[in-house]
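> I have a structure here, written as structure tokens, and I will follow up with some questions on it.
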Amino acid sequence: MSPETHIANLLYRYAELMDAGRLPEVAALFDKARVRMADGKEVEGSAAMLEQWQAFVRIYPCGTPRTRHVVTNPIIEVDQAAGTATCRSYYTVFQQTPELPLQAICMGRYHDSFVCVDGAWRFATRDYSMLDYLGDLSQHLLLPVS
């Protein structure tokens, strides 16, 4: 499998796990990563990411946040010799709850970097600060976002 396919699969796996409410597994994807949050604060590692998501993401009785994260337009650039890569992509989060009809609740961009360790690609950094459009996040997040 090409590095580009491995990296794209990491993007899609993140979305799949987040939408399934499997927060510990999502956090594990960021085990050694440094992440810039929407408020500019930086956190590092899976334990810190899990703590963030448990504090922010509303999980419903079905065990999920009732969302679909759609990641599109990944532009993946790989430096094979260095074992590093970057990716810029767009995301749109859709949600439907008993109180909220199906709708896009936010859109933004991910800027990610990756490193290949022992033949496996993993997240090195992610920037969540590029939240471009806000909809009704009241049923998704436990804290207000502006």
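Chains: A, B, ... in order of the structure tokens. Residues: from 1 per chain. Ligands: from 1, in order shown.
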For Leu131 (chain A), find every residue with an atom within 9 Å (counting only C-alpha atoms), except residues of its own chain fewer than 3 positions away, and show them as number ranges by chain.

A: 38, 106-110, 128, 134

> Residues within 12 Å of Gly135 (chain A), please, as an NGL selection string. Count only C-alpha atoms; anything in the same chain fewer than 3 positions from it doesn't count.

:A and (92-95 or 100 or 102-108 or 131-132 or 138-141 or 144-146)

> For the selection just defined, write its residues with N, CA and C atoms to a file, as an mmCIF file, in the first residue's frame.


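Once written, part.cif looks like this:
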data_model
loop_
_atom_site.group_PDB
_atom_site.id
_atom_site.type_symbol
_atom_site.label_atom_id
_atom_site.label_comp_id
_atom_site.auth_asym_id
_atom_site.auth_seq_id
_atom_site.Cartn_x
_atom_site.Cartn_y
_atom_site.Cartn_z
ATOM 1 N N THR A 92 -16.444 18.293 6.952
ATOM 2 C CA THR A 92 -17.805 18.749 7.249
ATOM 3 C C THR A 92 -18.387 17.748 8.234
ATOM 4 N N VAL A 93 -18.978 18.254 9.313
ATOM 5 C CA VAL A 93 -19.608 17.379 10.296
ATOM 6 C C VAL A 93 -21.112 17.546 10.186
ATOM 7 N N PHE A 94 -21.796 16.444 9.954
ATOM 8 C CA PHE A 94 -23.255 16.399 9.912
ATOM 9 C C PHE A 94 -23.740 15.771 11.211
ATOM 10 N N GLN A 95 -24.935 16.183 11.644
ATOM 11 C CA GLN A 95 -25.509 15.589 12.852
ATOM 12 C C GLN A 95 -27.025 15.583 12.745
ATOM 13 N N LEU A 100 -32.609 17.820 16.826
ATOM 14 C CA LEU A 100 -31.956 18.539 15.733
ATOM 15 C C LEU A 100 -32.143 17.782 14.428
ATOM 16 N N LEU A 102 -31.384 16.656 10.571
ATOM 17 C CA LEU A 102 -30.120 16.425 9.890
ATOM 18 C C LEU A 102 -29.611 17.716 9.259
ATOM 19 N N GLN A 103 -28.361 18.062 9.588
ATOM 20 C CA GLN A 103 -27.759 19.279 9.053
ATOM 21 C C GLN A 103 -26.252 19.273 9.253
ATOM 22 N N ALA A 104 -25.572 20.097 8.447
ATOM 23 C CA ALA A 104 -24.147 20.338 8.665
ATOM 24 C C ALA A 104 -24.028 21.246 9.884
ATOM 25 N N ILE A 105 -23.196 20.850 10.842
ATOM 26 C CA ILE A 105 -23.048 21.648 12.059
ATOM 27 C C ILE A 105 -21.739 22.422 12.111
ATOM 28 N N CYS A 106 -20.752 22.011 11.307
ATOM 29 C CA CYS A 106 -19.510 22.786 11.209
ATOM 30 C C CYS A 106 -18.702 22.311 10.016
ATOM 31 N N MET A 107 -17.833 23.208 9.555
ATOM 32 C CA MET A 107 -16.932 22.903 8.443
ATOM 33 C C MET A 107 -15.603 23.584 8.699
ATOM 34 N N GLY A 108 -14.549 22.934 8.285
ATOM 35 C CA GLY A 108 -13.230 23.526 8.458
ATOM 36 C C GLY A 108 -12.179 22.773 7.693
ATOM 37 N N LEU A 131 -11.407 26.245 11.994
ATOM 38 C CA LEU A 131 -12.847 26.001 11.994
ATOM 39 C C LEU A 131 -13.478 27.158 11.241
ATOM 40 N N ASP A 132 -13.911 26.908 10.004
ATOM 41 C CA ASP A 132 -14.332 27.986 9.109
ATOM 42 C C ASP A 132 -15.798 28.385 9.250
ATOM 43 N N SER A 138 -24.923 22.875 19.450
ATOM 44 C CA SER A 138 -25.473 22.675 20.793
ATOM 45 C C SER A 138 -25.746 21.220 21.130
ATOM 46 N N GLN A 139 -25.984 20.380 20.120
ATOM 47 C CA GLN A 139 -26.267 18.973 20.384
ATOM 48 C C GLN A 139 -25.028 18.095 20.243
ATOM 49 N N HIS A 140 -23.909 18.712 19.839
ATOM 50 C CA HIS A 140 -22.676 17.950 19.622
ATOM 51 C C HIS A 140 -21.646 18.175 20.724
ATOM 52 N N LEU A 141 -21.451 19.432 21.088
ATOM 53 C CA LEU A 141 -20.405 19.765 22.057
ATOM 54 C C LEU A 141 -21.004 20.105 23.413
ATOM 55 N N PRO A 144 -19.573 25.609 24.889
ATOM 56 C CA PRO A 144 -19.835 26.491 23.744
ATOM 57 C C PRO A 144 -18.577 26.766 22.921
ATOM 58 N N VAL A 145 -18.779 26.938 21.620
ATOM 59 C CA VAL A 145 -17.688 27.284 20.694
ATOM 60 C C VAL A 145 -18.103 28.547 19.977
ATOM 61 N N SER A 146 -17.142 29.466 19.849
ATOM 62 C CA SER A 146 -17.449 30.697 19.115
ATOM 63 C C SER A 146 -16.446 30.919 18.014
#

> Skipping near chain neighbours, those fewer than 6 positions away, what residues fall within 8 Å of Gly45 (chain A) using only C-alpha atoms, listed as a CSV table (one decimal) with N, CA and C atoms, in the first residue's frame?


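Generated file (around00.csv):
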chain,number,residue,atom,x,y,z
A,27,ALA,N,-8.4,8.5,20.2
A,27,ALA,CA,-7.2,9.1,20.9
A,27,ALA,C,-5.9,8.4,20.6
A,30,PHE,N,-3.5,9.4,18.0
A,30,PHE,CA,-2.7,10.6,18.3
A,30,PHE,C,-1.7,10.3,19.4
A,31,ASP,N,-1.3,9.1,19.6
A,31,ASP,CA,-0.5,8.7,20.7
A,31,ASP,C,0.7,9.5,20.9
A,32,LYS,N,1.4,9.8,19.9
A,32,LYS,CA,2.6,10.6,20.0
A,32,LYS,C,2.5,12.0,19.3
A,33,ALA,N,1.3,12.4,19.0
A,33,ALA,CA,1.1,13.6,18.2
A,33,ALA,C,0.9,14.8,19.1
A,34,ARG,N,1.2,16.0,18.5
A,34,ARG,CA,1.0,17.3,19.1
A,34,ARG,C,-0.2,17.9,18.4

> Based on DSSP run over this structure's backbone, return all residues of chain A in helix (DSSP H, G or I), as a PyMOL selection string.

chain A and resi 3-19+23-28+46-56

> Between A:Lys41, A:Gln52, A:His69, A:Ile7, which residue has the minimum interatomic distance to Phe123 (chain A), considering only C-alpha atoms?

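Under the stated criterion, the closest residue is A:Ile7.
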
> Neighbours of Pro24 (chain A) within 12 Å (only C-alpha atoms; same-chain residues fewer than 4 positions away dropped), as a PyMOL selection string?

chain A and resi 14+17-18+20+28-31+45-54

> Rank A:Glu99, A:Val43, A:Val115, A:Arg68 by their smallest atom-to-atom distance to Ala81 (chain A), using only C-alpha atoms, and report the top residue only.

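Of A:Glu99, A:Val43, A:Val115, A:Arg68, the one nearest Ala81 (chain A) is A:Val115, counting only C-alpha atoms.
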
> If we count only C-alpha atoms, what is near Cys116 (chain A) at a cut-off of 10 Å, once residues fewer than 3 positions away on the same chain are taken out, given as a ChimeraX atom specification?

/A:3,7,80,82-85,119-124

> I'd like the contact shell of Asn73 (chain A) - 10 Å cut-off, only C-alpha atoms, skipping same-chain residues fewer than 6 positions apart - returned as a VMD selection string.

chain A and resid 87 to 91 109

> Could you write those residues out with all heavy atoms, as a short mmCIF file (atom, residue, chain, number, x, y, z; two decimals), in the first residue's frame?


data_model
loop_
_atom_site.label_atom_id
_atom_site.label_comp_id
_atom_site.auth_asym_id
_atom_site.auth_seq_id
_atom_site.Cartn_x
_atom_site.Cartn_y
_atom_site.Cartn_z
N CYS A 87 -0.56 16.70 5.06
CA CYS A 87 -1.85 16.59 4.39
C CYS A 87 -2.71 17.78 4.78
O CYS A 87 -2.81 18.12 5.96
CB CYS A 87 -2.56 15.29 4.77
SG CYS A 87 -4.19 15.12 3.97
N ARG A 88 -3.31 18.40 3.78
CA ARG A 88 -4.32 19.43 3.99
C ARG A 88 -5.64 18.86 3.48
O ARG A 88 -5.68 18.29 2.38
CB ARG A 88 -3.96 20.70 3.24
CG ARG A 88 -2.65 21.32 3.69
CD ARG A 88 -2.29 22.61 2.95
NE ARG A 88 -2.46 22.60 1.52
CZ ARG A 88 -1.56 22.12 0.64
NH1 ARG A 88 -0.45 21.55 1.07
NH2 ARG A 88 -1.80 22.19 -0.65
N SER A 89 -6.68 18.97 4.28
CA SER A 89 -7.98 18.44 3.86
C SER A 89 -9.10 19.30 4.44
O SER A 89 -8.87 20.15 5.29
CB SER A 89 -8.14 16.99 4.33
OG SER A 89 -8.04 16.88 5.73
N TYR A 90 -10.30 19.09 3.92
CA TYR A 90 -11.51 19.75 4.41
C TYR A 90 -12.31 18.74 5.22
O TYR A 90 -12.23 17.54 4.98
CB TYR A 90 -12.41 20.21 3.26
CG TYR A 90 -11.84 21.25 2.35
CD1 TYR A 90 -12.16 21.23 1.00
CD2 TYR A 90 -11.00 22.27 2.80
CE1 TYR A 90 -11.67 22.20 0.13
CE2 TYR A 90 -10.51 23.23 1.94
CZ TYR A 90 -10.85 23.19 0.61
OH TYR A 90 -10.36 24.14 -0.24
N TYR A 91 -13.12 19.25 6.14
CA TYR A 91 -14.07 18.38 6.82
C TYR A 91 -15.41 19.09 6.95
O TYR A 91 -15.47 20.32 7.05
CB TYR A 91 -13.56 17.92 8.20
CG TYR A 91 -13.48 19.03 9.23
CD1 TYR A 91 -14.58 19.37 10.00
CD2 TYR A 91 -12.30 19.74 9.42
CE1 TYR A 91 -14.52 20.38 10.94
CE2 TYR A 91 -12.22 20.75 10.35
CZ TYR A 91 -13.33 21.07 11.10
OH TYR A 91 -13.27 22.09 12.03
N ARG A 109 -10.94 22.98 8.12
CA ARG A 109 -9.79 22.36 7.47
C ARG A 109 -8.90 21.70 8.50
O ARG A 109 -8.77 22.20 9.61
CB ARG A 109 -8.97 23.43 6.73
CG ARG A 109 -9.72 24.04 5.58
CD ARG A 109 -9.09 25.35 5.11
NE ARG A 109 -9.42 26.39 6.10
CZ ARG A 109 -8.60 27.39 6.42
NH1 ARG A 109 -7.42 27.50 5.87
NH2 ARG A 109 -8.97 28.28 7.32
#

> Between A:Asp136, A:Leu23, A:Phe114, A:Thr72, which is the closest to Val57 (chain A) once you count only C-alpha atoms?

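Of A:Asp136, A:Leu23, A:Phe114, A:Thr72, the one nearest Val57 (chain A), counting only C-alpha atoms, is A:Leu23.
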
> Please indicate the distance in Å from CA of Ile76 (chain A) to CA of Met1 (chain A), rounded to one decimal place.

14.6 Å

> DSSP says strand (DSSP E) for which residues of region 44-75 of chain A? Put them as a PyMOL selection string?

chain A and resi 44+67-75

> Rank A:Pro74, A:Glu44, A:Gly21, A:His111 by their smallest atom-to-atom distance to Tyr60 (chain A), using only C-alpha atoms, and report the top residue only.

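With only C-alpha atoms as the atom set, the closest residue is A:Gly21.
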
> Measuring atom to atom with only C-alpha atoms, identify which of A:Leu137, A:Ile75, A:Val70, A:Leu143 is nearest to Asp19 (chain A).

A:Val70

> Between A:Thr97, A:Ser113, A:Thr125, A:Thr67, which has the minimum distance to Glu42 (chain A) (counting only C-alpha atoms)?

A:Thr125
